[in-house]
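Chemist: Submitted below is the structure of interest, expressed as structure tokens.
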Amino acid sequence: MIASAADGARLYFVDQRPADVAAPAVLWLQGLNAPGAAWAVQMAHFARTHRSIAPDPRGVGKSDAPPGPYTTAQMADDALRVLDACEVERAHVVGLSLGGAVAQELALARPERIRTVAFLASFARQPPRSRALLEAWRTLYPSVTQGAELRDAWEKQAYAWLFSDAFWRSEANVRAAFRFASSQPLQPVAGFLGQVDAALAHDARERLPGLRLPALVLHGALDQLAPLAAGEEIARLIPGAELRVVPNVGHAVNLEGQRAVNESLRSLWKRG
């Protein structure tokens with residue numbers, strides 16, 4: 001399905017509906033370089049009880065990739081237009097990494113459209129080491145389009161940041177991760193750069209204390225891409241936010257810590 005952004009960009013999304021037409025809706029917002037399909041584990045888990053709406057963010061997947069820079073506020077407006085296209089008045093919002101920053105902007109701008117909000121492996125502002133890595137990725141990524149070997153090298157180093165050592169020790173896990181990567185189209189350079197610019201520019205620290213919604217912060221204890229301190233900062237800034245640290249998992253907390261994540265989300269949603 002397709003929604004239209006304010007600038008005319010086409011936004012592709014999946015709208016997965018259970019048999020119960022009154023089931024509450026969940027808006028799933030993915031991170032840098034990731035399409036909505038990266039939520040497949042959660043969407044399958046909640047398929048019978050919740051309506052799942054998973055956009056490909058601007059710049060990746062089947063959505064348009066206009067020239068950047070993008071902003072998280074712009075991407076939040078994109079997400080709102082997807083909800084409008086689905087005729088959903090209020091939804092639970094779950095954002096991972098950059099998607100969590102987008103969820104912050106959406107919750108701050110339009111709290112009346114949100115039941116609850118969950119921030120997974122996210123950040124209120126890029127910490128210095130993460131900022132340096134994103135700046136390096138921004139310079140290196142255009143070369144990825146120049147051949148299959150370079151794309152393969154890119155995906156290996158990216159997944160090294162996403163997953164823990166324990167994940168990498170399982171050949172089945174690694175095969176599944178790279179099988180998913182190979183099934184997705186290569187992200188356009190303009191889209192990747194635009195998303196990186198959004199991540200680098202995001203800073204909601206002064207505004208998050210004004211957020212008045214049931215909020216959950218979920219973070220992997222071994223996250224190297226958005227360190228645990230970034231999640232702790234979000235939880236500290238939002239009044240009443242719950243912080244849950246998932247032990248022994250990295251940045252892809254929804255995959256490595258899926259049982260803890262799914263249980264935590266169900267508990268949160270009962271509050272909204």
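Residues in the structure tokens are named by chain (A, B, ... in the order shown) and by number from 1 within that chain; ligands are numbered from 1 in the order shown.
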Give me the stretch 192-252 of chain A side of the contact with stretch 155-174 of chain A, cut-off 8 Å, one line per residue showing its nearest atom pair and distance in Å at one decimal, counting only C-alpha atoms, sorted by chain and residue number, as a tab-separated table.

Modeler:
residue	atom	partner	partner_atom	distance
A:Leu222	CA	A:Ser164	CA	6.9
A:Asp223	CA	A:Leu162	CA	7.6
A:Gln224	CA	A:Trp161	CA	6.3
A:Leu225	CA	A:Trp161	CA	6.1
A:Asn248	CA	A:Ser164	CA	7.4
A:Val249	CA	A:Ser164	CA	5.7
A:Gly250	CA	A:Ser164	CA	5.0
A:His251	CA	A:Leu162	CA	4.9
A:Ala252	CA	A:Leu162	CA	5.5

Chemist: So which residues touch stretch 198-212 of chain A within 10 Å, counting only C-alpha atoms, skipping near sequence neighbours fewer than 6 positions away, as an mmCIF file with N, CA and C atoms, in the first residue's frame?

Modeler:
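Writing the result to result.cif gives the following:
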data_model
loop_
_atom_site.group_PDB
_atom_site.id
_atom_site.type_symbol
_atom_site.label_atom_id
_atom_site.label_comp_id
_atom_site.auth_asym_id
_atom_site.auth_seq_id
_atom_site.Cartn_x
_atom_site.Cartn_y
_atom_site.Cartn_z
ATOM 1 N N GLY A 31 14.776 1.324 11.743
ATOM 2 C CA GLY A 31 15.942 2.184 11.846
ATOM 3 C C GLY A 31 16.657 2.383 10.529
ATOM 4 N N LEU A 32 17.847 2.920 10.623
ATOM 5 C CA LEU A 32 18.683 3.237 9.467
ATOM 6 C C LEU A 32 18.877 2.009 8.583
ATOM 7 N N GLY A 68 18.311 14.176 0.144
ATOM 8 C CA GLY A 68 18.208 14.697 1.506
ATOM 9 C C GLY A 68 18.696 16.131 1.596
ATOM 10 N N PRO A 69 18.973 16.566 2.797
ATOM 11 C CA PRO A 69 18.892 15.788 4.030
ATOM 12 C C PRO A 69 17.451 15.574 4.486
ATOM 13 N N TYR A 70 17.230 14.463 5.217
ATOM 14 C CA TYR A 70 15.956 14.237 5.875
ATOM 15 C C TYR A 70 16.085 14.702 7.323
ATOM 16 N N THR A 71 14.939 14.840 7.991
ATOM 17 C CA THR A 71 14.923 15.112 9.426
ATOM 18 C C THR A 71 13.985 14.119 10.096
ATOM 19 N N THR A 72 14.193 13.906 11.387
ATOM 20 C CA THR A 72 13.298 13.006 12.107
ATOM 21 C C THR A 72 11.894 13.597 12.212
ATOM 22 N N ALA A 73 11.769 14.919 12.243
ATOM 23 C CA ALA A 73 10.434 15.534 12.249
ATOM 24 C C ALA A 73 9.724 15.265 10.922
ATOM 25 N N GLN A 74 10.452 15.355 9.831
ATOM 26 C CA GLN A 74 9.874 15.052 8.515
ATOM 27 C C GLN A 74 9.448 13.592 8.445
ATOM 28 N N MET A 75 10.278 12.696 8.969
ATOM 29 C CA MET A 75 9.956 11.278 8.939
ATOM 30 C C MET A 75 8.792 10.953 9.870
ATOM 31 N N SER A 97 15.929 2.326 17.091
ATOM 32 C CA SER A 97 17.088 3.105 16.675
ATOM 33 C C SER A 97 16.644 4.438 16.045
ATOM 34 N N LEU A 98 16.939 4.688 14.773
ATOM 35 C CA LEU A 98 16.458 5.900 14.125
ATOM 36 C C LEU A 98 14.936 5.964 14.181
ATOM 37 N N GLY A 99 14.282 4.815 14.058
ATOM 38 C CA GLY A 99 12.829 4.790 14.194
ATOM 39 C C GLY A 99 12.363 5.252 15.556
ATOM 40 N N ALA A 101 13.930 7.599 17.302
ATOM 41 C CA ALA A 101 14.033 9.060 17.238
ATOM 42 C C ALA A 101 12.831 9.649 16.498
ATOM 43 N N VAL A 102 12.409 8.977 15.430
ATOM 44 C CA VAL A 102 11.203 9.411 14.705
ATOM 45 C C VAL A 102 9.983 9.316 15.614
ATOM 46 N N GLN A 104 9.941 9.652 18.794
ATOM 47 C CA GLN A 104 9.987 10.787 19.728
ATOM 48 C C GLN A 104 9.338 12.015 19.113
ATOM 49 N N GLU A 105 9.702 12.306 17.863
ATOM 50 C CA GLU A 105 9.142 13.486 17.197
ATOM 51 C C GLU A 105 7.635 13.342 17.003
ATOM 52 N N ALA A 107 5.543 11.524 18.856
ATOM 53 C CA ALA A 107 4.884 11.617 20.155
ATOM 54 C C ALA A 107 4.846 13.050 20.669
ATOM 55 N N LEU A 108 5.900 13.809 20.393
ATOM 56 C CA LEU A 108 5.937 15.203 20.843
ATOM 57 C C LEU A 108 5.008 16.088 20.024
ATOM 58 N N ALA A 109 4.910 15.816 18.727
ATOM 59 C CA ALA A 109 4.096 16.662 17.846
ATOM 60 C C ALA A 109 2.614 16.327 17.905
ATOM 61 N N PRO A 111 0.676 13.894 20.247
ATOM 62 C CA PRO A 111 0.443 12.899 21.308
ATOM 63 C C PRO A 111 -0.966 12.331 21.302
ATOM 64 N N THR A 116 0.482 4.423 23.282
ATOM 65 C CA THR A 116 1.722 4.218 24.035
ATOM 66 C C THR A 116 2.878 4.346 23.058
ATOM 67 N N PHE A 123 17.972 6.736 20.865
ATOM 68 C CA PHE A 123 18.819 7.821 21.366
ATOM 69 C C PHE A 123 18.030 9.118 21.316
ATOM 70 N N ALA A 124 18.288 10.004 22.274
ATOM 71 C CA ALA A 124 17.723 11.349 22.233
ATOM 72 C C ALA A 124 18.612 12.279 21.418
ATOM 73 N N ARG A 125 19.893 11.946 21.356
ATOM 74 C CA ARG A 125 20.878 12.649 20.552
ATOM 75 C C ARG A 125 22.039 11.684 20.334
ATOM 76 N N GLN A 126 22.706 11.784 19.203
ATOM 77 C CA GLN A 126 23.813 10.880 18.933
ATOM 78 C C GLN A 126 24.978 11.137 19.895
ATOM 79 N N PRO A 127 25.424 10.110 20.628
ATOM 80 C CA PRO A 127 26.639 10.276 21.435
ATOM 81 C C PRO A 127 27.874 10.318 20.540
ATOM 82 N N SER A 130 29.071 7.120 18.429
ATOM 83 C CA SER A 130 28.077 6.767 17.407
ATOM 84 C C SER A 130 28.063 7.800 16.294
ATOM 85 N N ARG A 131 28.211 9.059 16.661
ATOM 86 C CA ARG A 131 28.253 10.127 15.652
ATOM 87 C C ARG A 131 29.441 9.930 14.712
ATOM 88 N N ALA A 132 30.589 9.603 15.267
ATOM 89 C CA ALA A 132 31.776 9.388 14.433
ATOM 90 C C ALA A 132 31.558 8.221 13.468
ATOM 91 N N LEU A 134 28.636 7.096 12.271
ATOM 92 C CA LEU A 134 27.688 7.495 11.231
ATOM 93 C C LEU A 134 28.337 8.407 10.197
ATOM 94 N N GLU A 135 29.191 9.295 10.652
ATOM 95 C CA GLU A 135 29.895 10.172 9.711
ATOM 96 C C GLU A 135 30.791 9.357 8.790
ATOM 97 N N PHE A 192 20.193 6.548 1.957
ATOM 98 C CA PHE A 192 21.067 6.288 3.099
ATOM 99 C C PHE A 192 21.622 7.593 3.657
ATOM 100 N N GLU A 233 19.346 7.653 29.117
ATOM 101 C CA GLU A 233 19.051 9.087 29.032
ATOM 102 C C GLU A 233 17.603 9.322 28.624
ATOM 103 N N ILE A 234 17.113 8.589 27.635
ATOM 104 C CA ILE A 234 15.712 8.740 27.228
ATOM 105 C C ILE A 234 14.792 8.469 28.414
ATOM 106 N N ALA A 235 15.032 7.364 29.119
ATOM 107 C CA ALA A 235 14.175 6.996 30.245
ATOM 108 C C ALA A 235 14.233 8.045 31.350
ATOM 109 N N ARG A 236 15.383 8.626 31.558
ATOM 110 C CA ARG A 236 15.532 9.641 32.599
ATOM 111 C C ARG A 236 14.796 10.929 32.234
ATOM 112 N N LEU A 237 14.754 11.244 30.949
ATOM 113 C CA LEU A 237 14.161 12.505 30.505
ATOM 114 C C LEU A 237 12.640 12.465 30.434
ATOM 115 N N ILE A 238 12.053 11.293 30.172
ATOM 116 C CA ILE A 238 10.605 11.195 30.004
ATOM 117 C C ILE A 238 9.963 10.849 31.346
ATOM 118 N N PRO A 239 9.100 11.710 31.858
ATOM 119 C CA PRO A 239 8.469 11.426 33.153
ATOM 120 C C PRO A 239 7.701 10.103 33.132
ATOM 121 N N GLY A 240 8.005 9.241 34.098
ATOM 122 C CA GLY A 240 7.281 7.984 34.232
ATOM 123 C C GLY A 240 7.684 6.895 33.269
ATOM 124 N N ALA A 241 8.692 7.124 32.428
ATOM 125 C CA ALA A 241 9.094 6.105 31.463
ATOM 126 C C ALA A 241 9.692 4.904 32.182
#

Chemist: So which residues of stretch 136-230 of chain A fall under strand (DSSP E) by DSSP, listed as a list of chain:residue names?

Modeler: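 Selecting the strand (DSSP E) positions of stretch 136-230 of chain A gives A:Ala215, A:Leu216, A:Val217, A:Leu218, A:His219, A:Gly220.
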
Chemist: Identify which of the residues A:Pro24, A:Gly272, A:Pro57, A:Gly36 lies closest to A:Gly191, counting only C-alpha atoms when measuring atom-to-atom distances.

Modeler: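 Using only C-alpha atoms, A:Gly191 sits closest to A:Pro57.
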
Chemist: Hey, which of A:Arg58, A:Pro247, A:Trp39, A:Val94 ends up closest to A:Leu27? Count only C-alpha atoms.

Modeler: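 Of A:Arg58, A:Pro247, A:Trp39, A:Val94, the one nearest A:Leu27 is A:Val94, counting only C-alpha atoms.
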
Chemist: Do a neighbour search on A:Val21 at 12 Å with only C-alpha atoms, toss out local chain neighbours closer than 6 positions, and write the hits as a short mmCIF file (atom, residue, chain, number, x, y, z; two decimals) with C-alpha atoms, in the first residue's frame.

Modeler:
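Contents of the output file selection-v8.cif:
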data_model
loop_
_atom_site.label_atom_id
_atom_site.label_comp_id
_atom_site.auth_asym_id
_atom_site.auth_seq_id
_atom_site.Cartn_x
_atom_site.Cartn_y
_atom_site.Cartn_z
CA ARG A 48 -3.68 -12.53 15.90
CA THR A 49 -4.08 -9.78 18.45
CA HIS A 50 -2.92 -6.52 16.87
CA ARG A 51 -3.12 -4.72 13.55
CA VAL A 88 -6.15 4.87 12.26
#

Chemist: So which residues touch A:Val253 within 8 Å, counting only C-alpha atoms, skipping near sequence neighbours fewer than 4 positions away, as an NGL selection string?

Modeler: :A and (120-121 or 218-220 or 246 or 249 or 257-258 or 261)

Chemist: Kindly export the residues of the current selection with C-alpha atoms, as a PDB file, in the first residue's frame.

Modeler:
ATOM      1  CA  LEU A 120      14.061   0.289  21.296  1.00  0.00           C
ATOM      2  CA  ALA A 121      17.849   0.738  21.056  1.00  0.00           C
ATOM      3  CA  LEU A 218      14.055  -1.179  25.801  1.00  0.00           C
ATOM      4  CA  HIS A 219      17.795  -1.493  25.338  1.00  0.00           C
ATOM      5  CA  GLY A 220      20.276  -4.301  24.872  1.00  0.00           C
ATOM      6  CA  VAL A 246      17.798  -6.855  28.063  1.00  0.00           C
ATOM      7  CA  VAL A 249      22.019  -8.737  23.435  1.00  0.00           C
ATOM      8  CA  GLY A 257      15.930 -10.415  22.755  1.00  0.00           C
ATOM      9  CA  GLN A 258      12.627 -11.058  21.054  1.00  0.00           C
ATOM     10  CA  VAL A 261      10.766  -7.414  23.851  1.00  0.00           C
TER      11      VAL A 261
END

Chemist: Mind listing the alpha helix (DSSP H) residues of stretch 24-183 of chain A, per DSSP on the backbone, as a VMD selection string?

Modeler: chain A and resid 40 to 45 72 to 85 98 to 109 128 to 140 148 to 162 165 to 168 171 to 183

Chemist: Next, the residues of the selection above should be written as an mmCIF file, in the first residue's frame with C-alpha atoms.

Modeler:
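out_19.cif was written with the following content:
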data_model
loop_
_atom_site.group_PDB
_atom_site.id
_atom_site.type_symbol
_atom_site.label_atom_id
_atom_site.label_comp_id
_atom_site.auth_asym_id
_atom_site.auth_seq_id
_atom_site.Cartn_x
_atom_site.Cartn_y
_atom_site.Cartn_z
ATOM 1 C CA ALA A 40 8.730 -9.662 10.595
ATOM 2 C CA VAL A 41 9.382 -11.485 13.888
ATOM 3 C CA GLN A 42 7.222 -9.095 15.899
ATOM 4 C CA MET A 43 4.504 -8.869 13.259
ATOM 5 C CA ALA A 44 4.204 -12.647 13.180
ATOM 6 C CA HIS A 45 4.074 -12.820 16.978
ATOM 7 C CA THR A 72 13.298 13.006 12.107
ATOM 8 C CA ALA A 73 10.434 15.534 12.249
ATOM 9 C CA GLN A 74 9.874 15.052 8.515
ATOM 10 C CA MET A 75 9.956 11.278 8.939
ATOM 11 C CA ALA A 76 7.487 11.578 11.819
ATOM 12 C CA ASP A 77 5.121 13.446 9.511
ATOM 13 C CA ASP A 78 5.579 10.613 6.994
ATOM 14 C CA ALA A 79 4.542 8.142 9.694
ATOM 15 C CA LEU A 80 1.492 10.227 10.547
ATOM 16 C CA ARG A 81 0.436 10.227 6.903
ATOM 17 C CA VAL A 82 0.700 6.440 6.861
ATOM 18 C CA LEU A 83 -1.651 6.313 9.866
ATOM 19 C CA ASP A 84 -4.005 8.664 8.041
ATOM 20 C CA ALA A 85 -3.941 6.456 4.947
ATOM 21 C CA LEU A 98 16.458 5.900 14.125
ATOM 22 C CA GLY A 99 12.829 4.790 14.194
ATOM 23 C CA GLY A 100 12.846 5.514 17.914
ATOM 24 C CA ALA A 101 14.033 9.060 17.238
ATOM 25 C CA VAL A 102 11.203 9.411 14.705
ATOM 26 C CA ALA A 103 8.788 8.074 17.334
ATOM 27 C CA GLN A 104 9.987 10.787 19.728
ATOM 28 C CA GLU A 105 9.142 13.486 17.197
ATOM 29 C CA LEU A 106 5.754 11.928 16.464
ATOM 30 C CA ALA A 107 4.884 11.617 20.155
ATOM 31 C CA LEU A 108 5.937 15.203 20.843
ATOM 32 C CA ALA A 109 4.096 16.662 17.846
ATOM 33 C CA PRO A 128 30.152 11.072 20.201
ATOM 34 C CA ARG A 129 31.314 7.566 19.244
ATOM 35 C CA SER A 130 28.077 6.767 17.407
ATOM 36 C CA ARG A 131 28.253 10.127 15.652
ATOM 37 C CA ALA A 132 31.776 9.388 14.433
ATOM 38 C CA LEU A 133 30.658 6.007 13.086
ATOM 39 C CA LEU A 134 27.688 7.495 11.231
ATOM 40 C CA GLU A 135 29.895 10.172 9.711
ATOM 41 C CA ALA A 136 32.277 7.458 8.503
ATOM 42 C CA TRP A 137 29.390 5.416 7.087
ATOM 43 C CA ARG A 138 28.126 8.504 5.290
ATOM 44 C CA THR A 139 31.463 8.827 3.489
ATOM 45 C CA LEU A 140 31.888 5.132 2.747
ATOM 46 C CA ALA A 148 28.741 -7.277 -5.073
ATOM 47 C CA GLU A 149 31.933 -7.760 -3.054
ATOM 48 C CA LEU A 150 31.694 -4.255 -1.626
ATOM 49 C CA ARG A 151 28.044 -4.776 -0.713
ATOM 50 C CA ASP A 152 28.935 -8.046 1.000
ATOM 51 C CA ALA A 153 31.713 -6.342 2.965
ATOM 52 C CA TRP A 154 29.356 -3.526 3.939
ATOM 53 C CA GLU A 155 26.714 -5.907 5.264
ATOM 54 C CA LYS A 156 29.275 -7.906 7.246
ATOM 55 C CA GLN A 157 30.636 -4.875 9.046
ATOM 56 C CA ALA A 158 27.136 -3.445 9.626
ATOM 57 C CA TYR A 159 25.908 -6.699 11.144
ATOM 58 C CA ALA A 160 29.030 -6.823 13.306
ATOM 59 C CA TRP A 161 27.722 -3.633 14.929
ATOM 60 C CA LEU A 162 24.124 -4.861 15.139
ATOM 61 C CA ASP A 165 29.226 -12.144 19.873
ATOM 62 C CA ALA A 166 26.785 -14.844 20.992
ATOM 63 C CA PHE A 167 24.595 -14.205 17.953
ATOM 64 C CA TRP A 168 27.591 -14.514 15.650
ATOM 65 C CA GLU A 171 25.718 -20.275 12.126
ATOM 66 C CA ALA A 172 21.928 -20.509 11.802
ATOM 67 C CA ASN A 173 21.524 -16.945 13.085
ATOM 68 C CA VAL A 174 24.164 -15.601 10.718
ATOM 69 C CA ARG A 175 22.724 -17.421 7.708
ATOM 70 C CA ALA A 176 19.249 -16.082 8.476
ATOM 71 C CA ALA A 177 20.519 -12.517 8.855
ATOM 72 C CA PHE A 178 22.417 -12.524 5.568
ATOM 73 C CA ARG A 179 19.579 -14.302 3.787
ATOM 74 C CA PHE A 180 17.307 -11.426 4.800
ATOM 75 C CA ALA A 181 19.899 -8.855 3.690
ATOM 76 C CA SER A 182 20.279 -10.491 0.278
ATOM 77 C CA SER A 183 16.496 -10.509 -0.207
#

Chemist: Measure the distance from atom CA of A:Lys270 to atom CA of A:Arg110 in Å and round it to one decimal.

Modeler: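 Atom CA of A:Lys270 sits 20.7 Å away from atom CA of A:Arg110.
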
Chemist: Quick check, in Å to one decimal: how far apart do atom CA of A:Arg10 and atom CA of A:Val117 lie?

Modeler: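 Interatomic distance here is 25.0 Å.
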
Chemist: Here is a test: counting only C-alpha atoms, which residue of A:Ser267, A:Ser122, A:Thr145, A:Asn33 is nearest to A:Gly61?

Modeler: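 The shortest atom-to-atom distance to A:Gly61 comes from A:Asn33.
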
Chemist: Could you state the separation of atom CA of A:Ala91 and atom CA of A:Arg113 in Å, given to one decimal place?

Modeler: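 Those two atoms sit 6.5 Å apart.
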